[in-house]
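Quick look at final_16.pdb (PDB, C-alpha atoms, pLDDT in the B column):
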```
ATOM      1  CA  MET T   1       2.879  -3.323 -13.247  1.00 73.00           C
ATOM      2  CA  ASP T   2       4.235  -6.766 -14.076  1.00 90.00           C
ATOM      3  CA  LYS T   3       6.073  -7.026 -10.758  1.00 94.00           C
ATOM      4  CA  LEU T   4       2.900  -6.544  -8.749  1.00 96.00           C
ATOM      5  CA  LYS T   5       1.124  -9.138 -10.882  1.00 97.00           C
ATOM      6  CA  ALA T   6       3.997 -11.560 -10.203  1.00 96.00           C
ATOM      7  CA  VAL T   7       3.514 -11.067  -6.453  1.00 97.00           C
ATOM      8  CA  HIS T   8      -0.231 -11.698  -6.831  1.00 97.00           C
ATOM      9  CA  ASP T   9       0.392 -14.759  -9.016  1.00 95.00           C
ATOM     10  CA  CYS T  10       2.372 -16.227  -6.093  1.00 95.00           C
ATOM     11  CA  GLY T  11      -0.692 -15.810  -3.861  1.00 96.00           C
ATOM     12  CA  TYR T  12       0.517 -12.753  -1.944  1.00 97.00           C
ATOM     13  CA  LEU T  13      -0.517  -9.139  -1.494  1.00 97.00           C
ATOM     14  CA  PHE T  14       2.244  -6.547  -1.389  1.00 97.00           C
ATOM     15  CA  ASN T  15       0.369  -4.190   0.991  1.00 96.00           C
ATOM     16  CA  ASP T  16       3.023  -1.451   1.014  1.00 96.00           C
ATOM     17  CA  LEU T  17       3.329   0.258  -2.362  1.00 96.00           C
ATOM     18  CA  LYS T  18       5.163   3.542  -1.981  1.00 95.00           C
ATOM     19  CA  PRO T  19       8.109   5.240  -3.714  1.00 94.00           C
ATOM     20  CA  ASN T  20      10.599   3.948  -1.124  1.00 94.00           C
ATOM     21  CA  ASN T  21       9.723   0.347  -2.005  1.00 97.00           C
ATOM     22  CA  ILE T  22      10.338   0.636  -5.743  1.00 94.00           C
ATOM     23  CA  LEU T  23      13.793   0.446  -7.286  1.00 91.00           C
ATOM     24  CA  VAL T  24      14.364   1.511 -10.887  1.00 89.00           C
ATOM     25  CA  GLY T  25      17.380   0.662 -12.994  1.00 85.00           C
ATOM     26  CA  ASN T  26      20.590  -1.214 -12.499  1.00 78.00           C
ATOM     27  CA  GLN T  27      24.294  -0.488 -12.869  1.00 73.00           C
ATOM     28  CA  ASP T  28      24.166  -2.260 -16.224  1.00 72.00           C
ATOM     29  CA  GLU T  29      23.118   0.338 -18.820  1.00 70.00           C
ATOM     30  CA  LYS T  30      21.034  -2.319 -20.577  1.00 73.00           C
ATOM     31  CA  GLU T  31      18.782  -2.588 -17.518  1.00 71.00           C
ATOM     32  CA  LEU T  32      18.075   1.060 -16.681  1.00 74.00           C
ATOM     33  CA  HIS T  33      14.351   0.426 -17.230  1.00 79.00           C
ATOM     34  CA  LYS T  34      14.127  -2.512 -14.792  1.00 86.00           C
ATOM     35  CA  ILE T  35      11.704  -2.097 -11.892  1.00 89.00           C
ATOM     36  CA  ARG T  36      11.978  -4.029  -8.646  1.00 91.00           C
ATOM     37  CA  LEU T  37       9.762  -4.161  -5.580  1.00 96.00           C
ATOM     38  CA  ILE T  38      11.478  -4.360  -2.214  1.00 96.00           C
ATOM     39  CA  ASP T  39      10.438  -4.714   1.430  1.00 96.00           C
ATOM     40  CA  PHE T  40       7.925  -7.521   1.657  1.00 97.00           C
ATOM     41  CA  GLY T  41       7.706  -7.101   5.439  1.00 96.00           C
ATOM     42  CA  ILE T  42       3.938  -6.638   5.557  1.00 95.00           C
ATOM     43  CA  SER T  43       3.051  -8.799   2.566  1.00 97.00           C
ATOM     44  CA  LYS T  44       0.339 -11.319   3.264  1.00 95.00           C
ATOM     45  CA  LYS T  45      -1.058 -14.448   1.650  1.00 96.00           C
ATOM     46  CA  TYR T  46      -4.473 -13.992   0.092  1.00 96.00           C
ATOM     47  CA  LEU T  47      -4.920 -17.590  -1.070  1.00 93.00           C
ATOM     48  CA  ASP T  48      -5.469 -20.585   1.194  1.00 90.00           C
ATOM     49  CA  ASN T  49      -3.826 -23.986   0.655  1.00 90.00           C
ATOM     50  CA  ASN T  50      -6.563 -24.922  -1.849  1.00 91.00           C
ATOM     51  CA  GLY T  51      -5.891 -21.821  -3.981  1.00 90.00           C
ATOM     52  CA  GLU T  52      -9.103 -20.152  -2.790  1.00 92.00           C
ATOM     53  CA  HIS T  53      -9.251 -16.491  -1.811  1.00 92.00           C
ATOM     54  CA  PHE T  54      -9.483 -16.036   1.957  1.00 93.00           C
ATOM     55  CA  LYS T  55     -12.882 -14.789   3.091  1.00 92.00           C
ATOM     56  CA  GLN T  56     -13.145 -11.100   3.905  1.00 91.00           C
ATOM     57  CA  THR T  57     -12.681 -10.560   7.632  1.00 94.00           C
ATOM     58  CA  GLU T  58     -12.017  -7.794  10.094  1.00 94.00           C
ATOM     59  CA  GLU T  59      -8.368  -6.869  10.643  1.00 92.00           C
ATOM     60  CA  ASN T  60      -6.875  -6.019  14.021  1.00 92.00           C
ATOM     61  CA  PHE T  61      -4.515  -3.310  12.796  1.00 90.00           C
ATOM     62  CA  PHE T  62      -3.779  -0.970   9.907  1.00 93.00           C
ATOM     63  CA  ARG T  63      -1.504  -2.380   7.208  1.00 89.00           C
ATOM     64  CA  GLY T  64       0.282  -0.074   4.756  1.00 92.00           C
ATOM     65  CA  ASN T  65       1.138   3.569   4.233  1.00 93.00           C
ATOM     66  CA  PHE T  66      -1.428   6.287   5.016  1.00 94.00           C
ATOM     67  CA  LEU T  67      -0.918   8.104   1.694  1.00 93.00           C
ATOM     68  CA  PHE T  68      -1.232   5.074  -0.569  1.00 96.00           C
ATOM     69  CA  ALA T  69      -3.506   2.679   1.333  1.00 96.00           C
ATOM     70  CA  SER T  70      -7.046   1.893   0.203  1.00 97.00           C
ATOM     71  CA  VAL T  71     -10.200   2.749   2.134  1.00 96.00           C
ATOM     72  CA  ASN T  72     -10.475  -0.946   3.048  1.00 96.00           C
ATOM     73  CA  ALA T  73      -7.198  -0.700   4.957  1.00 96.00           C
ATOM     74  CA  PHE T  74      -8.549   2.335   6.833  1.00 97.00           C
ATOM     75  CA  ASN T  75     -11.739   0.422   7.607  1.00 96.00           C
ATOM     76  CA  PHE T  76      -9.770  -2.546   8.982  1.00 96.00           C
ATOM     77  CA  VAL T  77     -11.155  -4.926   6.366  1.00 95.00           C
ATOM     78  CA  SER T  78      -8.968  -7.759   5.094  1.00 93.00           C
ATOM     79  CA  LEU T  79      -7.248  -6.672   1.918  1.00 95.00           C
ATOM     80  CA  GLY T  80      -7.248  -8.174  -1.554  1.00 95.00           C
ATOM     81  CA  ARG T  81      -5.508  -7.651  -4.875  1.00 97.00           C
ATOM     82  CA  ARG T  82      -7.833  -4.727  -5.599  1.00 97.00           C
ATOM     83  CA  ASP T  83      -6.304  -2.871  -2.662  1.00 97.00           C
ATOM     84  CA  ASP T  84      -2.808  -3.225  -4.129  1.00 97.00           C
ATOM     85  CA  LEU T  85      -4.207  -1.850  -7.412  1.00 97.00           C
ATOM     86  CA  ILE T  86      -5.842   1.064  -5.586  1.00 96.00           C
ATOM     87  CA  SER T  87      -2.502   1.777  -3.917  1.00 96.00           C
ATOM     88  CA  LEU T  88      -0.837   1.642  -7.334  1.00 96.00           C
ATOM     89  CA  CYS T  89      -3.287   4.273  -8.615  1.00 95.00           C
ATOM     90  CA  TYR T  90      -2.579   6.552  -5.654  1.00 94.00           C
ATOM     91  CA  LEU T  91       1.144   6.027  -6.247  1.00 94.00           C
ATOM     92  CA  LEU T  92       0.916   6.862  -9.961  1.00 94.00           C
ATOM     93  CA  VAL T  93      -1.029  10.062  -9.248  1.00 92.00           C
ATOM     94  CA  TYR T  94       1.602  10.979  -6.655  1.00 92.00           C
ATOM     95  CA  MET T  95       4.437  10.330  -9.126  1.00 91.00           C
ATOM     96  CA  VAL T  96       2.802  12.357 -11.911  1.00 93.00           C
ATOM     97  CA  ASP T  97       1.655  15.242  -9.711  1.00 88.00           C
ATOM     98  CA  GLY T  98       4.478  15.225  -7.158  1.00 85.00           C
ATOM     99  CA  ALA T  99       1.986  15.463  -4.318  1.00 82.00           C
ATOM    100  CA  SER T 100      -0.915  13.664  -2.738  1.00 85.00           C
ATOM    101  CA  PRO T 101      -4.254  15.157  -1.710  1.00 82.00           C
ATOM    102  CA  PHE T 102      -3.882  13.072   1.441  1.00 85.00           C
ATOM    103  CA  ASN T 103      -0.507  14.499   2.410  1.00 82.00           C
ATOM    104  CA  ILE T 104      -1.281  16.342   5.598  1.00 78.00           C
ATOM    105  CA  ASN T 105       1.244  17.381   8.189  1.00 74.00           C
ATOM    106  CA  LEU T 106      -0.062  17.696  11.703  1.00 68.00           C
ATOM    107  CA  GLY T 107       3.283  18.364  13.292  1.00 68.00           C
ATOM    108  CA  TYR T 108       6.400  16.817  14.666  1.00 76.00           C
ATOM    109  CA  PRO T 109       7.470  14.842  16.487  1.00 84.00           C
ATOM    110  CA  ARG T 110       5.101  12.237  15.045  1.00 81.00           C
ATOM    111  CA  THR T 111       3.834  11.027  18.367  1.00 89.00           C
ATOM    112  CA  PRO T 112       1.156   8.318  18.567  1.00 90.00           C
ATOM    113  CA  GLU T 113      -1.409  11.073  19.108  1.00 90.00           C
ATOM    114  CA  VAL T 114      -0.299  12.932  15.947  1.00 89.00           C
ATOM    115  CA  ARG T 115      -0.323   9.707  13.917  1.00 89.00           C
ATOM    116  CA  GLN T 116      -3.808   8.898  15.203  1.00 91.00           C
ATOM    117  CA  ARG T 117      -5.080  12.331  14.105  1.00 91.00           C
ATOM    118  CA  GLU T 118      -3.399  11.874  10.696  1.00 91.00           C
ATOM    119  CA  PHE T 119      -5.042   8.460  10.366  1.00 94.00           C
ATOM    120  CA  LYS T 120      -8.481   9.882  11.151  1.00 94.00           C
ATOM    121  CA  GLU T 121      -8.149  12.863   8.800  1.00 93.00           C
ATOM    122  CA  ILE T 122      -6.752  10.849   5.867  1.00 94.00           C
ATOM    123  CA  ARG T 123      -9.379   8.145   6.420  1.00 95.00           C
ATOM    124  CA  GLU T 124     -12.138  10.760   6.323  1.00 95.00           C
ATOM    125  CA  LEU T 125     -10.744  12.262   3.093  1.00 93.00           C
ATOM    126  CA  LYS T 126     -10.575   8.865   1.398  1.00 94.00           C
ATOM    127  CA  VAL T 127     -13.998   7.712   2.587  1.00 94.00           C
ATOM    128  CA  ASN T 128     -15.593  10.937   1.302  1.00 93.00           C
ATOM    129  CA  MET T 129     -13.775  10.809  -2.035  1.00 87.00           C
TER     130      MET T 129
END
```
Please re-express this file's structure in structure tokens.
Amino acid sequence: MDKLKAVHDCGYLFNDLKPNNILVGNQDEKELHKIRLIDFGISKKYLDNNGEHFKQTEENFFRGNFLFASVNAFNFVSLGRRDDLISLCYLLVYMVDGASPFNINLGYPRTPEVRQREFKEIRELKVNM
């Protein structure tokens, strides 16, 4: 996806690929094929001031969406461009199939305890994949 490459070329990771963050089309009929990424709230720089990739480190918290995040995100490892590409693959499979093998529903309301169980189960599925 050219838009994701443009984000990477600016030295940033998107970190939150999911259907809700992709807009397609425009009111102008000539631009119905246009794709736009929105919601850069958890984007993060991956290049330092010298243009070098930051060293891989441990993260303090999960960044992204459970269904589309890479195993690295689940393992609290600092993310790179590869993780955006992994998320893109999960997203494309979801869009073609209409479902995700990681889509589990452990109940509502989605309390912190329910989200923690979802995190653990989805992490285990992705690690074992």
Next on the checklist: Using all atoms listed in the file, which protein or nucleic acid residues come within 10 Å of His33 in chain T? Drop anything in the same chain fewer than 4 positions from it, and give the result as a PyMOL selection string.
Outcome noted: chain T and resi 23-26+29
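We find CA of Phe62 in chain T and CA of Phe74 in chain T to be spaced 6.6 Å apart.
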Next on the checklist: Could you list, as a PyMOL selection string, every residue matched by the PyMOL selection byres ((chain T and resi 57) around 8) in this structure?
Outcome noted: chain T and resi 55-56+58-59+77-78
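Interatomic distance, CA of Arg82 in chain T against CA of Val96 in chain T: 21.1 Å.
Distances to Gly51 in chain T were evaluated for T:Ala69, T:Ile22, T:Lys30, T:His8 using all atoms listed in the file, and the minimum falls at T:His8.
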Apply the PyMOL selection byres ((chain T and resi 66) around 12) to the displayed file and report the matching residues as an mmCIF file with C-alpha atoms, keeping the file's coordinate frame.
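Saved to part_6.cif:
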```cif
data_model
loop_
_atom_site.group_PDB
_atom_site.id
_atom_site.type_symbol
_atom_site.label_atom_id
_atom_site.label_comp_id
_atom_site.auth_asym_id
_atom_site.auth_seq_id
_atom_site.Cartn_x
_atom_site.Cartn_y
_atom_site.Cartn_z
ATOM 1 C CA ASN T 15 0.369 -4.190 0.991
ATOM 2 C CA ASP T 16 3.023 -1.451 1.014
ATOM 3 C CA LEU T 17 3.329 0.258 -2.362
ATOM 4 C CA LYS T 18 5.163 3.542 -1.981
ATOM 5 C CA PHE T 62 -3.779 -0.970 9.907
ATOM 6 C CA ARG T 63 -1.504 -2.380 7.208
ATOM 7 C CA GLY T 64 0.282 -0.074 4.756
ATOM 8 C CA ASN T 65 1.138 3.569 4.233
ATOM 9 C CA LEU T 67 -0.918 8.104 1.694
ATOM 10 C CA PHE T 68 -1.232 5.074 -0.569
ATOM 11 C CA ALA T 69 -3.506 2.679 1.333
ATOM 12 C CA SER T 70 -7.046 1.893 0.203
ATOM 13 C CA VAL T 71 -10.200 2.749 2.134
ATOM 14 C CA ASN T 72 -10.475 -0.946 3.048
ATOM 15 C CA ALA T 73 -7.198 -0.700 4.957
ATOM 16 C CA PHE T 74 -8.549 2.335 6.833
ATOM 17 C CA SER T 87 -2.502 1.777 -3.917
ATOM 18 C CA TYR T 90 -2.579 6.552 -5.654
ATOM 19 C CA LEU T 91 1.144 6.027 -6.247
ATOM 20 C CA SER T 100 -0.915 13.664 -2.738
ATOM 21 C CA PRO T 101 -4.254 15.157 -1.710
ATOM 22 C CA PHE T 102 -3.882 13.072 1.441
ATOM 23 C CA ASN T 103 -0.507 14.499 2.410
ATOM 24 C CA ILE T 104 -1.281 16.342 5.598
ATOM 25 C CA ASN T 105 1.244 17.381 8.189
ATOM 26 C CA ARG T 115 -0.323 9.707 13.917
ATOM 27 C CA GLN T 116 -3.808 8.898 15.203
ATOM 28 C CA ARG T 117 -5.080 12.331 14.105
ATOM 29 C CA GLU T 118 -3.399 11.874 10.696
ATOM 30 C CA PHE T 119 -5.042 8.460 10.366
ATOM 31 C CA LYS T 120 -8.481 9.882 11.151
ATOM 32 C CA GLU T 121 -8.149 12.863 8.800
ATOM 33 C CA ILE T 122 -6.752 10.849 5.867
ATOM 34 C CA ARG T 123 -9.379 8.145 6.420
ATOM 35 C CA GLU T 124 -12.138 10.760 6.323
ATOM 36 C CA LEU T 125 -10.744 12.262 3.093
ATOM 37 C CA LYS T 126 -10.575 8.865 1.398
#
```
Checklist entry - Any idea what the distance is between CA of Glu52 in chain T and CA of Phe76 in chain T? => result 21.2 Å
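Using only C-alpha atoms, the nearest neighbour of Val7 in chain T within the list T:Val127, T:Val114, T:Ile38, T:Leu32 is T:Ile38.
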